[in-house]
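Source file coords_38.tsv; content: TSV, N, CA and C atoms.
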```tsv
chain	number	residue	atom	x	y	z
B	84	MET	N	100.36	141.07	77.79
B	84	MET	CA	99.14	141.60	77.24
B	84	MET	C	99.31	143.09	77.00
B	85	HIS	N	98.92	143.56	75.83
B	85	HIS	CA	99.01	144.98	75.50
B	85	HIS	C	97.65	145.62	75.75
B	86	VAL	N	97.64	146.78	76.34
B	86	VAL	CA	96.40	147.51	76.59
B	86	VAL	C	96.29	148.62	75.57
B	87	SER	N	95.19	148.64	74.84
B	87	SER	CA	94.99	149.70	73.87
B	87	SER	C	94.58	150.98	74.58
B	88	PRO	N	94.72	152.12	73.93
B	88	PRO	CA	94.36	153.39	74.58
B	88	PRO	C	92.90	153.45	75.00
B	89	GLU	N	92.03	152.67	74.35
B	89	GLU	CA	90.61	152.69	74.69
B	89	GLU	C	90.32	151.94	75.98
B	90	GLU	N	91.20	151.03	76.37
B	90	GLU	CA	90.97	150.22	77.56
B	90	GLU	C	91.38	151.00	78.81
B	91	PRO	N	90.65	150.81	79.91
B	91	PRO	CA	91.05	151.49	81.14
B	91	PRO	C	92.37	150.96	81.65
B	92	GLU	N	93.15	151.83	82.27
B	92	GLU	CA	94.47	151.43	82.75
B	92	GLU	C	94.42	150.31	83.76
B	93	LEU	N	93.33	150.16	84.48
B	93	LEU	CA	93.25	149.13	85.51
B	93	LEU	C	93.03	147.75	84.92
B	94	ALA	N	92.94	147.64	83.60
B	94	ALA	CA	92.67	146.36	82.96
B	94	ALA	C	93.84	145.38	83.09
B	95	VAL	N	95.00	145.85	83.44
B	95	VAL	CA	96.18	144.99	83.52
B	95	VAL	C	96.75	145.05	84.93
B	96	ASP	N	97.04	143.89	85.48
B	96	ASP	CA	97.74	143.85	86.77
B	96	ASP	C	99.21	143.99	86.45
B	97	ARG	N	99.77	145.14	86.74
B	97	ARG	CA	101.16	145.41	86.38
B	97	ARG	C	102.12	145.04	87.49
B	98	GLY	N	101.65	144.50	88.56
B	98	GLY	CA	102.54	144.15	89.66
B	98	GLY	C	102.78	145.33	90.57
B	99	SER	N	103.63	145.12	91.54
B	99	SER	CA	103.95	146.18	92.49
B	99	SER	C	104.74	147.28	91.79
B	100	SER	N	104.76	148.46	92.39
B	100	SER	CA	105.53	149.55	91.79
B	100	SER	C	107.01	149.20	91.72
B	101	GLU	N	107.51	148.46	92.70
B	101	GLU	CA	108.90	148.02	92.68
B	101	GLU	C	109.15	147.08	91.50
B	102	ASP	N	108.19	146.20	91.22
B	102	ASP	CA	108.30	145.28	90.10
B	102	ASP	C	108.31	146.05	88.78
B	103	VAL	N	107.46	147.07	88.67
B	103	VAL	CA	107.42	147.89	87.46
B	103	VAL	C	108.76	148.58	87.25
B	104	VAL	N	109.30	149.17	88.28
B	104	VAL	CA	110.61	149.83	88.19
B	104	VAL	C	111.66	148.83	87.74
B	105	ASP	N	111.70	147.67	88.35
B	105	ASP	CA	112.70	146.65	87.99
B	105	ASP	C	112.56	146.23	86.53
B	106	ARG	N	111.32	146.07	86.07
B	106	ARG	CA	111.11	145.64	84.68
B	106	ARG	C	111.53	146.73	83.69
B	107	VAL	N	111.23	148.00	84.00
B	107	VAL	CA	111.65	149.09	83.13
B	107	VAL	C	113.18	149.15	83.06
B	108	LEU	N	113.82	149.10	84.22
B	108	LEU	CA	115.29	149.19	84.25
B	108	LEU	C	115.93	148.03	83.52
B	109	LEU	N	115.37	146.84	83.65
B	109	LEU	CA	115.88	145.68	82.93
B	109	LEU	C	115.78	145.90	81.43
B	110	ALA	N	114.63	146.37	80.97
B	110	ALA	CA	114.43	146.61	79.54
B	110	ALA	C	115.41	147.65	79.01
B	111	VAL	N	115.62	148.72	79.76
B	111	VAL	CA	116.54	149.78	79.32
B	111	VAL	C	117.97	149.24	79.23
B	112	GLU	N	118.37	148.42	80.19
B	112	GLU	CA	119.72	147.84	80.17
B	112	GLU	C	119.96	147.00	78.92
B	113	LEU	N	118.91	146.47	78.34
B	113	LEU	CA	119.04	145.57	77.19
B	113	LEU	C	119.06	146.28	75.84
B	114	VAL	N	118.81	147.60	75.81
B	114	VAL	CA	118.86	148.33	74.54
B	114	VAL	C	120.31	148.35	74.08
B	115	PRO	N	120.57	147.81	72.88
B	115	PRO	CA	121.97	147.71	72.43
B	115	PRO	C	122.64	149.06	72.17
B	116	ARG	N	123.91	149.07	72.40
B	116	ARG	CA	124.75	150.23	72.10
B	116	ARG	C	124.55	150.63	70.63
B	117	GLY	N	124.45	151.92	70.38
B	117	GLY	CA	124.28	152.41	69.02
B	117	GLY	C	122.84	152.40	68.54
B	118	HIS	N	121.93	152.07	69.43
B	118	HIS	CA	120.50	152.02	69.09
B	118	HIS	C	119.70	152.79	70.12
B	119	VAL	N	118.50	153.17	69.73
B	119	VAL	CA	117.58	153.86	70.63
B	119	VAL	C	116.20	153.21	70.53
B	120	VAL	N	115.39	153.47	71.53
B	120	VAL	CA	113.98	153.08	71.53
B	120	VAL	C	113.20	154.24	72.12
B	121	SER	N	111.91	154.21	71.93
B	121	SER	CA	111.07	155.25	72.52
B	121	SER	C	110.56	154.80	73.88
B	122	TYR	N	110.08	155.78	74.64
B	122	TYR	CA	109.44	155.46	75.92
B	122	TYR	C	108.28	154.49	75.67
B	123	GLY	N	107.56	154.69	74.58
B	123	GLY	CA	106.45	153.81	74.22
B	123	GLY	C	106.90	152.40	73.89
B	124	ASP	N	108.07	152.27	73.25
B	124	ASP	CA	108.61	150.94	72.96
B	124	ASP	C	108.86	150.17	74.25
B	125	ILE	N	109.49	150.84	75.20
B	125	ILE	CA	109.75	150.21	76.50
B	125	ILE	C	108.43	149.93	77.21
B	126	GLY	N	107.50	150.87	77.14
B	126	GLY	CA	106.19	150.67	77.76
B	126	GLY	C	105.47	149.47	77.19
B	127	GLY	N	105.54	149.29	75.89
B	127	GLY	CA	104.91	148.13	75.27
B	127	GLY	C	105.50	146.82	75.75
B	128	LEU	N	106.79	146.82	75.93
B	128	LEU	CA	107.50	145.63	76.41
B	128	LEU	C	107.13	145.31	77.86
B	129	VAL	N	107.04	146.34	78.67
B	129	VAL	CA	106.83	146.19	80.11
B	129	VAL	C	105.33	146.24	80.47
B	130	GLU	N	104.51	146.60	79.49
B	130	GLU	CA	103.05	146.68	79.65
B	130	GLU	C	102.61	147.82	80.57
B	131	ILE	N	103.23	148.98	80.34
B	131	ILE	CA	102.82	150.21	81.03
B	131	ILE	C	102.83	151.33	80.00
B	132	GLY	N	102.38	152.49	80.38
B	132	GLY	CA	102.35	153.63	79.47
B	132	GLY	C	103.70	154.31	79.32
B	133	ALA	N	103.85	155.01	78.21
B	133	ALA	CA	105.10	155.72	77.93
B	133	ALA	C	105.44	156.74	79.02
B	134	ARG	N	104.44	157.44	79.52
B	134	ARG	CA	104.68	158.44	80.57
B	134	ARG	C	105.18	157.79	81.85
B	135	GLN	N	104.66	156.61	82.15
B	135	GLN	CA	105.13	155.90	83.34
B	135	GLN	C	106.59	155.48	83.16
B	136	VAL	N	106.97	155.09	81.94
B	136	VAL	CA	108.37	154.77	81.67
B	136	VAL	C	109.23	156.00	81.93
B	137	GLY	N	108.80	157.15	81.42
B	137	GLY	CA	109.54	158.39	81.64
B	137	GLY	C	109.67	158.72	83.11
B	138	SER	N	108.63	158.50	83.86
B	138	SER	CA	108.66	158.75	85.30
B	138	SER	C	109.66	157.84	86.00
B	139	VAL	N	109.65	156.57	85.65
B	139	VAL	CA	110.62	155.62	86.23
B	139	VAL	C	112.03	156.04	85.86
B	140	MET	N	112.24	156.40	84.60
B	140	MET	CA	113.57	156.79	84.14
B	140	MET	C	114.06	158.04	84.89
B	141	SER	N	113.17	158.99	85.12
B	141	SER	CA	113.60	160.23	85.78
B	141	SER	C	113.99	159.99	87.23
B	142	ARG	N	113.39	158.99	87.85
B	142	ARG	CA	113.67	158.72	89.26
B	142	ARG	C	114.77	157.67	89.48
B	143	HIS	N	114.88	156.72	88.55
B	143	HIS	CA	115.75	155.56	88.78
B	143	HIS	C	116.74	155.29	87.64
B	144	GLY	N	116.84	156.18	86.67
B	144	GLY	CA	117.63	155.92	85.48
B	144	GLY	C	119.12	156.16	85.60
B	145	THR	N	119.59	156.66	86.72
B	145	THR	CA	121.01	156.91	86.90
B	145	THR	C	121.78	155.60	86.78
B	146	GLY	N	122.87	155.63	86.06
B	146	GLY	CA	123.68	154.42	85.92
B	146	GLY	C	123.25	153.54	84.75
B	147	LEU	N	122.18	153.92	84.07
B	147	LEU	CA	121.69	153.19	82.90
B	147	LEU	C	121.99	153.98	81.65
B	148	PRO	N	121.92	153.36	80.49
B	148	PRO	CA	122.10	154.10	79.24
B	148	PRO	C	120.81	154.86	78.88
B	149	TRP	N	120.45	155.82	79.71
B	149	TRP	CA	119.20	156.57	79.58
B	149	TRP	C	119.08	157.29	78.24
B	150	TRP	N	120.19	157.66	77.62
B	150	TRP	CA	120.18	158.39	76.35
B	150	TRP	C	119.68	157.52	75.20
B	151	ARG	N	119.54	156.22	75.44
B	151	ARG	CA	119.00	155.30	74.43
B	151	ARG	C	117.48	155.21	74.47
B	152	VAL	N	116.84	155.92	75.38
B	152	VAL	CA	115.38	155.94	75.49
B	152	VAL	C	114.92	157.38	75.30
B	153	VAL	N	114.21	157.61	74.21
B	153	VAL	CA	113.81	158.96	73.80
B	153	VAL	C	112.31	158.97	73.50
B	154	ASN	N	111.77	160.14	73.23
B	154	ASN	CA	110.37	160.17	72.84
B	154	ASN	C	110.24	159.73	71.38
B	155	ALA	N	109.02	159.66	70.88
B	155	ALA	CA	108.77	159.13	69.53
B	155	ALA	C	109.45	159.97	68.43
B	156	ALA	N	109.79	161.21	68.73
B	156	ALA	CA	110.47	162.08	67.77
B	156	ALA	C	111.99	162.04	67.93
B	157	GLY	N	112.48	161.21	68.85
B	157	GLY	CA	113.92	161.13	69.08
B	157	GLY	C	114.44	162.16	70.05
B	158	GLU	N	113.55	162.83	70.76
B	158	GLU	CA	113.93	163.92	71.66
B	158	GLU	C	114.02	163.47	73.11
B	159	LEU	N	114.78	164.24	73.86
B	159	LEU	CA	114.89	164.10	75.32
B	159	LEU	C	114.60	165.46	75.94
B	160	PRO	N	114.33	165.50	77.23
B	160	PRO	CA	114.17	166.81	77.89
B	160	PRO	C	115.42	167.67	77.65
B	161	SER	N	115.21	168.97	77.48
B	161	SER	CA	116.30	169.88	77.11
B	161	SER	C	117.49	169.83	78.07
B	162	HIS	N	117.23	169.61	79.36
B	162	HIS	CA	118.34	169.61	80.33
B	162	HIS	C	119.24	168.37	80.18
B	163	LEU	N	118.83	167.40	79.39
B	163	LEU	CA	119.64	166.19	79.18
B	163	LEU	C	120.37	166.19	77.84
B	164	LEU	N	120.03	167.12	76.96
B	164	LEU	CA	120.54	167.08	75.59
B	164	LEU	C	122.05	167.16	75.47
B	165	ASP	N	122.69	168.06	76.18
B	165	ASP	CA	124.15	168.20	76.03
B	165	ASP	C	124.86	166.88	76.32
B	166	GLU	N	124.50	166.24	77.42
B	166	GLU	CA	125.13	164.97	77.77
B	166	GLU	C	124.74	163.87	76.79
B	167	ALA	N	123.47	163.85	76.39
B	167	ALA	CA	123.00	162.83	75.47
B	167	ALA	C	123.72	162.92	74.13
B	168	ARG	N	123.91	164.13	73.62
B	168	ARG	CA	124.60	164.30	72.32
B	168	ARG	C	125.99	163.66	72.36
B	169	GLY	N	126.70	163.81	73.44
B	169	GLY	CA	128.01	163.19	73.57
B	169	GLY	C	127.92	161.67	73.49
B	170	HIS	N	126.95	161.09	74.17
B	170	HIS	CA	126.76	159.64	74.12
B	170	HIS	C	126.35	159.19	72.72
B	171	TRP	N	125.43	159.93	72.11
B	171	TRP	CA	124.97	159.57	70.76
B	171	TRP	C	126.13	159.59	69.77
B	172	LEU	N	126.95	160.62	69.84
B	172	LEU	CA	128.10	160.71	68.94
B	172	LEU	C	129.07	159.55	69.17
B	173	GLU	N	129.33	159.24	70.43
B	173	GLU	CA	130.23	158.15	70.78
B	173	GLU	C	129.72	156.80	70.26
B	174	GLU	N	128.39	156.63	70.24
B	174	GLU	CA	127.80	155.37	69.82
B	174	GLU	C	127.41	155.35	68.35
B	175	GLY	N	127.67	156.45	67.63
B	175	GLY	CA	127.35	156.49	66.20
B	175	GLY	C	125.88	156.74	65.90
B	176	ILE	N	125.15	157.28	66.86
B	176	ILE	CA	123.74	157.60	66.67
B	176	ILE	C	123.66	159.01	66.06
B	177	THR	N	123.05	159.10	64.89
B	177	THR	CA	122.97	160.36	64.16
B	177	THR	C	122.04	161.35	64.87
B	178	ILE	N	122.50	162.58	64.95
B	178	ILE	CA	121.73	163.65	65.56
B	178	ILE	C	121.05	164.45	64.45
B	179	LYS	N	119.81	164.83	64.67
B	179	LYS	CA	119.08	165.64	63.69
B	179	LYS	C	119.76	167.00	63.55
B	180	PRO	N	119.61	167.64	62.38
B	180	PRO	CA	120.25	168.94	62.15
B	180	PRO	C	119.91	169.99	63.21
B	181	SER	N	118.75	169.89	63.81
B	181	SER	CA	118.37	170.86	64.85
B	181	SER	C	119.24	170.70	66.09
B	182	GLY	N	119.86	169.53	66.25
B	182	GLY	CA	120.67	169.25	67.44
B	182	GLY	C	119.85	168.91	68.66
B	183	LYS	N	118.53	168.85	68.50
B	183	LYS	CA	117.64	168.63	69.64
B	183	LYS	C	117.11	167.21	69.74
B	184	ALA	N	117.55	166.33	68.85
B	184	ALA	CA	117.03	164.97	68.84
B	184	ALA	C	117.95	164.07	68.04
B	185	CYS	N	117.79	162.77	68.24
B	185	CYS	CA	118.51	161.80	67.42
B	185	CYS	C	117.57	161.30	66.33
B	186	ARG	N	118.12	160.65	65.35
B	186	ARG	CA	117.33	160.08	64.26
B	186	ARG	C	116.85	158.69	64.68
B	187	ILE	N	115.76	158.66	65.42
B	187	ILE	CA	115.25	157.40	65.95
B	187	ILE	C	114.92	156.41	64.83
B	188	GLY	N	114.42	156.90	63.71
B	188	GLY	CA	114.09	156.02	62.60
B	188	GLY	C	115.29	155.28	62.03
B	189	ASP	N	116.44	155.90	62.11
B	189	ASP	CA	117.66	155.28	61.59
B	189	ASP	C	118.35	154.37	62.60
B	190	HIS	N	118.03	154.54	63.87
B	190	HIS	CA	118.78	153.84	64.92
B	190	HIS	C	117.90	153.06	65.90
B	191	ARG	N	116.63	152.89	65.57
B	191	ARG	CA	115.73	152.17	66.48
B	191	ARG	C	116.20	150.72	66.59
B	192	ALA	N	116.25	150.24	67.81
B	192	ALA	CA	116.65	148.85	68.07
B	192	ALA	C	115.62	147.91	67.43
B	193	ASP	N	116.06	146.71	67.12
B	193	ASP	CA	115.17	145.66	66.63
B	193	ASP	C	114.26	145.28	67.80
B	194	LEU	N	113.00	145.67	67.72
B	194	LEU	CA	112.09	145.49	68.85
B	194	LEU	C	111.75	144.02	69.10
B	195	ILE	N	111.77	143.20	68.07
B	195	ILE	CA	111.52	141.77	68.26
B	195	ILE	C	112.69	141.14	69.01
B	196	ALA	N	113.90	141.47	68.60
B	196	ALA	CA	115.08	140.96	69.30
B	196	ALA	C	115.12	141.48	70.74
B	197	LEU	N	114.75	142.73	70.93
B	197	LEU	CA	114.73	143.30	72.28
B	197	LEU	C	113.71	142.56	73.14
B	198	ALA	N	112.54	142.28	72.59
B	198	ALA	CA	111.50	141.56	73.34
B	198	ALA	C	111.98	140.15	73.69
B	199	THR	N	112.66	139.51	72.77
B	199	THR	CA	113.19	138.16	73.04
B	199	THR	C	114.22	138.21	74.16
B	200	SER	N	115.12	139.17	74.10
B	200	SER	CA	116.13	139.33	75.16
B	200	SER	C	115.48	139.66	76.50
B	201	TYR	N	114.48	140.52	76.45
B	201	TYR	CA	113.77	140.92	77.68
B	201	TYR	C	113.07	139.71	78.31
B	202	ASP	N	112.36	138.94	77.49
B	202	ASP	CA	111.65	137.77	78.01
B	202	ASP	C	112.62	136.78	78.63
B	203	ALA	N	113.76	136.56	77.98
B	203	ALA	CA	114.76	135.63	78.51
B	203	ALA	C	115.35	136.15	79.82
B	204	ALA	N	115.68	137.43	79.86
B	204	ALA	CA	116.25	138.02	81.07
B	204	ALA	C	115.24	138.03	82.20
B	205	LEU	N	114.00	138.34	81.90
B	205	LEU	CA	112.96	138.35	82.91
B	205	LEU	C	112.74	136.94	83.46
B	206	GLY	N	112.77	135.94	82.59
B	206	GLY	CA	112.63	134.56	83.02
B	206	GLY	C	113.78	134.14	83.92
B	207	ALA	N	114.99	134.58	83.59
B	207	ALA	CA	116.16	134.24	84.40
B	207	ALA	C	116.07	134.90	85.77
B	208	VAL	N	115.59	136.12	85.82
B	208	VAL	CA	115.42	136.83	87.09
B	208	VAL	C	114.39	136.11	87.95
B	209	ARG	N	113.29	135.71	87.34
B	209	ARG	CA	112.22	135.03	88.08
B	209	ARG	C	112.69	133.66	88.59
B	210	LEU	N	113.51	132.97	87.81
B	210	LEU	CA	114.05	131.67	88.26
B	210	LEU	C	114.98	131.84	89.44
B	211	ALA	N	115.72	132.95	89.43
B	211	ALA	CA	116.68	133.21	90.51
B	211	ALA	C	115.97	133.56	91.82
B	212	ASP	N	114.75	134.07	91.71
B	212	ASP	CA	114.00	134.45	92.92
B	212	ASP	C	113.44	133.26	93.57
```
Could you write out this structure as structure tokens?
Amino acid sequence: MHVSPEEPELAVDRGSSEDVVDRVLLAVELVPRGHVVSYGDIGGLVEIGARQVGSVMSRHGTGLPWWRVVNAAGELPSHLLDEARGHWLEEGITIKPSGKACRIGDHRADLIALATSYDAALGAVRLAD
């Protein structure tokens, strides 16, 4: 279920905070090489807000392809840019002339395919539990 900005945040039972973290990390792991998504894209998939995705990523994103999750303008926090640019170049993700962002419009992952992969992976995880 998607919550519109007009709806109160408490309208959705998002599960435990550990469950939210696990779902965000699972979604990030599924973003294909050479593609990016926004924090909002991941939030829509996991049914949380973009800022909450960013918070999870900042605390638990080590070891994941974090450079594939950017803001809606293709930007990351400035302290991550140098490392991200190297990953983007390696994966063929075009960097904007400013050097401060990637071209998210040119490299956004297929969100329908990502949702299908996410649903299948989430179902497999739940079956294993």
Practice task
Can you work out which one of B:Ile125, B:Val139, B:Val152, B:Ile176 has the shortest atom-to-atom distance to Asp102 of chain B, counting only C-alpha atoms?
Solution key: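 Residue with the minimum atom-to-atom distance to Asp102 of chain B: B:Val139.
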Handout entry: Residue with smallest distance to Arg191 of chain B - pool B:Val120, B:Leu108, B:Val103, B:Ala155, counting all atoms listed in the file
Key =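 So, comparing all the options, the nearest one is B:Val120.
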Problem - 8 Å contact set for Val114 of chain B, all atoms listed in the file, chain neighbours under 5 positions out, as an NGL selection string - result: :B and (109 or 119-120 or 148 or 151-152 or 192 or 197)
Handout entry: Minimum-distance residue to Gly157 of chain B, chosen among B:Gly117, B:Gly126, B:Gly188, B:Gly175 (using all atoms listed in the file)
Key = B:Gly188
Practice task
For atom CA of Leu194 of chain B and atom CA of Arg106 of chain B, determine how far apart the two atoms are, in Å to one decimal place.
Solution key: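 Taking atom CA of Leu194 of chain B as the start and atom CA of Arg106 of chain B as the end point, the length is 15.9 Å.
Take the candidates B:Trp171, B:Ile195, B:Ala184, B:Val208 and check each one against Leu159 of chain B using only N, CA and C atoms; the shortest distance goes to B:Ala184.
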Handout entry: Option closest in space to Val153 of chain B, from B:Gly182, B:Gly132, B:Pro115, B:Gly123 [counting only C-alpha atoms]
Key =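 Closest residue, counting only C-alpha atoms: B:Gly123.
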Practice task
Kindly give the distance, in Å, that separates atom CA of Asp165 of chain B and atom CA of Trp150 of chain B, rounded to a single decimal.
Solution key: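 Spanning atom CA of Asp165 of chain B to atom CA of Trp150 of chain B is a straight-line distance of 10.6 Å.
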Exercise for the section: Determine which residues of chain B DSSP labels as strand (DSSP E or B) from the backbone of this structure, then write them out as a PyMOL selection string. Expected result: chain B and resi 119-121+152-153+158+178+184-185+191
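Of the residues listed (B:Tyr201, B:His143, B:Pro160, B:Glu173), B:Glu173 shows the shortest atom-to-atom separation from Arg116 of chain B; distances use only C-alpha atoms.
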Practice task
Go through chain B and collect every residue that DSSP, computed from the backbone, puts in alpha helix (DSSP H); the answer should be as a VMD selection string.
Solution key: chain B and resid 100 to 112 122 to 129 133 to 143 164 to 174 187 to 190 194 to 211
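Taking atom CA of Ala203 of chain B and atom CA of Asp189 of chain B as the two end points, the separation is 26.1 Å.
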Box time for segment 163-182 of chain B: axis-aligned, enclosing all its listed atoms, 4 Å extra on each side; report centre and edge lengths in Å to one decimal, as AutoDock Vina command-line options.
```
--center_x 124.3 --center_y 163.1 --center_z 70.8 --size_x 19.9 --size_y 23.5 --size_z 25.2
```
